[in-house]
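Participant: The structure that follows is given in the form of structure tokens.
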Amino acid sequence: MAFVRISGLSSEAGKNVTVRGWVTTVRSSGKVAFLVLRDGTGLLQCVVVKTAVSPELWERFAQLTLETSIAVSGEVRADARAPGGFELGVSDLTIIGASPLDYPIQPKEHGIDFLLDHRHLWLRSPRQRAIASIRNELEQAIHDFFYERQFLRVDTPILTAAIGERSGLFSTEYFDEGNAYLAQTGQLYGEAAAAAWGKIYTFGPTFRAEKSKTRRHLTEFWMIEPEVAWNDSNDNMVLQEELVSYLVRRTLSNRRAELVELERDLSKLESIKPPFVRLDYGEAIDLLRRKGSTTTWGEDLGAEDESLIVAEYDKPVFVMNYPKEAKAFYMKENPADPRTVLCDDLLAPEGYGEIIGGSQREDDYEKLRQRIVDERLDLASYEWYLDLRRYGTFVHAGFGIGLERTIAWICGLPHLREAIAFPRMMHRLKP
Ligand code: 4AD
Ligand code: MG
């Protein structure tokens, strides 16, 4: 009998097939027993009628426990009430791997630490599958978006010698070369690639030894960083708007069932269309002070500030042109106000905070060199980066979109830890 995945059952109606998977529920009336099987592609209700099978099979069925792996054979029948629209009339059952009664995750409330300690098993829940499918959809959508626009994907190194951002660094000894740092960003390499190939993006893991235990910080997260030759700050924001609107639209059209599984308010996502709101940093500070925040001009915005700002709108908000001292060394000085730089943070609605950080890059050799010196960075490690301004400098801009923050917002997750299969946080390195 042919092995079939649950997602492929629609073309098997009326046929006899074998399905393999894990037991998620069992119940019996004494005459008819029901089992719901999970194989990762869907759920399948399996029905056993006592009088239709051997006493020995009925007995085996009665002993099934949560998460036992089995193979069940029988006839596929269309049934509108069953999950997925089909059920299996069981004629045979093989137990592949027993699952003792102490399976840790039971149908009851578990604390978050317990669930995270059992993340390897927690992934089996419908909620975690829904999140993983949306993550997968978004990853694919990001590749499609850039591919259609003729961007080249560049894989940048994870072991690096130079620092890209101000946040904490993980370092490790690297033979005779001194310390290597786990990449906080692929951007500096992305800029070299943009000078070579025009329009590029990176898609990779990034690492930040942040001692913050917030719901928005992971120590290892995935970031996508486009970098475009000849784009200025405004072009950069238009690209961000297009990407983010596309990602939301695509999830709504391809992963609606998963959004419903997560009880996401779809109307909130349906209003995500360009143009997004644009606020100058100064305007954002005025708005914040009217709302009682104590943040003053010159400071970066905190999570609470971001929530206060987005509460005014039902679309993402760009906060543009921050003071120099609040941002990284590579951002271009704003000709209209040299106290500031040409940059933007994109804040997601509903209090999800910054999902993108972007900027036009400093293309003036002297100014960039001075910023590196002022920030007390090791100039020698940045000589190659300065070469991009020595040899044919060019206007260019790019941004980094945090994958887990985007997933958390689109899925409506309260914390980033569920947006990745095995989250890494300050106090979590296992499993
Ligand atoms: O704003 P950030 O630090 O910008 C950069 O790294 C630039 N090099 C990007 C660029 O211009 N190419 O980080 C970009 C995004 C943030 O907006 C956020 O979504 C995400 O990366 N991010 C984190 N996500 C999870 N955990 C953390 N600790 C994060 N830090 C940043
Ligand atoms: Mg940022």
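Identifiers in the structure tokens: chain A, B, ... in order shown; residue index from 1 per chain; ligand index from 1 in order shown.
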When the cut-off is 9 Å and you count only C-alpha atoms and all ligand atoms, which residues lie near ligand 1, shown as number ranges by chain?

Facilitator: A: 164-167, 184-188, 190-191, 202, 206-210, 212, 215-227, 327-328, 331, 343, 345-347, 353-361, 397-406, 416, 425

Participant: Can you pull out the residues contacting range 268-276 of chain A? Cut-off 7 Å, using only C-alpha atoms, and skip same-chain residues under 3 positions away; I want them as a count of residues only.

Facilitator: 7

Participant: If we count only C-alpha atoms and set the cut-off at 7 Å, which residues sit around range 134-137 of chain A, ignoring sequence neighbours fewer than 3 positions away in its own chain? Please answer as a ChimeraX atom specification.

Facilitator: /A:130-131,140-141,251,255,407

Participant: Within range 57-271 of chain A, find each residue whose DSSP state, derived from the backbone, is helix (DSSP H, G or I), and express the selection as a ChimeraX atom specification.

Facilitator: /A:57-62,83-85,112-117,119-122,126-148,187-197,233-254,256-261,266-270

Participant: As a PyMOL selection string, which residues of range 55-191 of chain A does DSSP assign to strand (DSSP E)?

Facilitator: chain A and resi 69-78+86-97+152-153+159-160+171-173+179-182

Participant: Selected residues, C-alpha atoms, written as a short mmCIF file (atom, residue, chain, number, x, y, z; two decimals), in the first residue's frame, please.

Facilitator:
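Output below, filename out22.cif:
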```
data_model
loop_
_atom_site.label_atom_id
_atom_site.label_comp_id
_atom_site.auth_asym_id
_atom_site.auth_seq_id
_atom_site.Cartn_x
_atom_site.Cartn_y
_atom_site.Cartn_z
CA SER A 69 4.69 7.10 16.06
CA ILE A 70 2.59 4.77 13.96
CA ALA A 71 1.65 3.68 10.47
CA VAL A 72 -2.08 3.37 9.81
CA SER A 73 -3.67 1.90 6.73
CA GLY A 74 -7.19 2.14 5.46
CA GLU A 75 -9.62 3.80 3.11
CA VAL A 76 -9.55 7.55 2.55
CA ARG A 77 -13.04 9.04 2.87
CA ALA A 78 -14.13 12.60 2.22
CA PHE A 86 -10.76 13.63 4.88
CA GLU A 87 -10.75 10.77 7.34
CA LEU A 88 -9.21 7.32 7.30
CA GLY A 89 -11.26 4.17 7.95
CA VAL A 90 -8.59 2.10 9.71
CA SER A 91 -7.97 -1.48 8.64
CA ASP A 92 -4.42 -1.89 9.96
CA LEU A 93 -2.10 -0.25 12.47
CA THR A 94 1.62 -0.65 13.21
CA ILE A 95 3.33 0.92 16.17
CA ILE A 96 6.74 2.26 15.10
CA GLY A 97 7.93 4.04 18.23
CA LEU A 152 22.13 39.45 -6.26
CA ARG A 153 22.19 37.56 -3.01
CA LEU A 159 33.61 35.38 11.46
CA THR A 160 34.80 38.96 11.08
CA SER A 171 34.36 37.06 20.20
CA THR A 172 36.50 34.02 19.84
CA GLU A 173 40.19 33.36 19.35
CA ASN A 179 40.08 37.99 17.99
CA ALA A 180 37.33 37.13 15.56
CA TYR A 181 33.88 38.59 16.15
CA LEU A 182 30.62 36.94 15.21
#
```

Participant: Which one of A:Asp305, A:Thr68, A:Ala192, A:Leu252 sits closest to Arg389 in chain A if you count only C-alpha atoms?

Facilitator: A:Ala192

Participant: Between CA of Val154 in chain A and CA of Tyr382 in chain A, what distance in Å does the model show, to one decimal?

Facilitator: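 Distance reported for this atom pair: 19.9 Å.
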
Participant: From the options A:Gly111, A:Pro100, A:Gly198, A:Gly302, which residue's atoms come nearest to ligand 2, counting only C-alpha atoms and all ligand atoms?

Facilitator: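 Smallest distance to ligand 2 is found for A:Gly302.
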
Participant: With distances taken over only C-alpha atoms and all ligand atoms, which residue among A:Lys108, A:Val48, A:Val23, A:Asp344 lies nearest ligand 2?

Facilitator: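 Counting only C-alpha atoms and all ligand atoms, the residue closest to ligand 2 is A:Asp344.
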
Participant: Set the distance at 12 Å and use only C-alpha atoms: which residues neighbour Leu377 in chain A once local chain neighbours fewer than 2 positions away are removed? I'd like the list as a tab-separated table (two decimals) with N, CA and C atoms, in the first residue's frame.

Facilitator:
```
chain	number	residue	atom	x	y	z
A	161	ALA	N	36.58	40.54	11.43
A	161	ALA	CA	37.60	41.23	12.21
A	161	ALA	C	37.13	42.60	12.67
A	162	ALA	N	36.17	43.18	11.93
A	162	ALA	CA	35.72	44.54	12.26
A	162	ALA	C	34.31	44.51	12.85
A	163	ILE	N	34.02	45.52	13.64
A	163	ILE	CA	32.73	45.66	14.29
A	163	ILE	C	31.80	46.46	13.38
A	164	GLY	N	30.53	46.08	13.30
A	164	GLY	CA	29.60	46.80	12.43
A	164	GLY	C	28.64	47.69	13.18
A	165	GLU	N	28.23	47.27	14.36
A	165	GLU	CA	27.24	48.03	15.12
A	165	GLU	C	27.77	48.27	16.52
A	166	ARG	N	27.02	49.06	17.30
A	166	ARG	CA	27.51	49.40	18.63
A	166	ARG	C	27.18	48.35	19.68
A	328	ALA	N	25.03	54.70	14.24
A	328	ALA	CA	26.33	54.10	13.90
A	328	ALA	C	27.18	55.02	13.01
A	329	PHE	N	28.47	54.73	12.98
A	329	PHE	CA	29.47	55.61	12.34
A	329	PHE	C	29.31	55.75	10.82
A	330	TYR	N	28.69	54.78	10.18
A	330	TYR	CA	28.71	54.74	8.70
A	330	TYR	C	27.59	55.56	8.05
A	368	LEU	N	34.03	59.96	6.74
A	368	LEU	CA	33.89	58.59	7.24
A	368	LEU	C	35.08	58.21	8.12
A	369	ARG	N	36.27	58.58	7.63
A	369	ARG	CA	37.48	58.26	8.40
A	369	ARG	C	37.41	58.92	9.78
A	370	GLN	N	36.98	60.19	9.78
A	370	GLN	CA	36.88	60.91	11.05
A	370	GLN	C	35.88	60.25	12.00
A	371	ARG	N	34.76	59.78	11.45
A	371	ARG	CA	33.76	59.11	12.31
A	371	ARG	C	34.34	57.84	12.94
A	372	ILE	N	35.13	57.12	12.16
A	372	ILE	CA	35.75	55.89	12.68
A	372	ILE	C	36.70	56.23	13.82
A	373	VAL	N	37.47	57.30	13.61
A	373	VAL	CA	38.40	57.75	14.65
A	373	VAL	C	37.63	58.23	15.89
A	374	ASP	N	36.60	59.07	15.67
A	374	ASP	CA	35.81	59.60	16.79
A	374	ASP	C	35.15	58.49	17.61
A	375	GLU	N	34.76	57.45	16.93
A	375	GLU	CA	34.10	56.33	17.64
A	375	GLU	C	35.12	55.40	18.28
A	379	LEU	N	41.14	51.75	13.30
A	379	LEU	CA	41.18	52.21	11.91
A	379	LEU	C	41.71	51.14	10.95
A	380	ALA	N	42.74	50.42	11.41
A	380	ALA	CA	43.36	49.43	10.52
A	380	ALA	C	42.35	48.38	10.04
A	381	SER	N	41.40	48.03	10.90
A	381	SER	CA	40.40	47.02	10.52
A	381	SER	C	39.43	47.55	9.48
A	382	TYR	N	39.40	48.88	9.31
A	382	TYR	CA	38.42	49.47	8.38
A	382	TYR	C	39.07	49.99	7.10
A	383	GLU	N	40.37	49.73	6.91
A	383	GLU	CA	41.02	50.24	5.70
A	383	GLU	C	40.34	49.73	4.44
```

Participant: Looking at only C-alpha atoms and all ligand atoms, which of A:Thr393, A:Ala326, A:Ile410, A:Arg428 is the one that sits closest to ligand 2?

Facilitator: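 So, comparing all the options, the nearest one is A:Ala326.
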
Participant: Counting only C-alpha atoms, what is within 12 Å of Pro107 in chain A, bar same-chain residues fewer than 6 positions away, as a PyMOL selection string?

Facilitator: chain A and resi 24-25+66+122+125
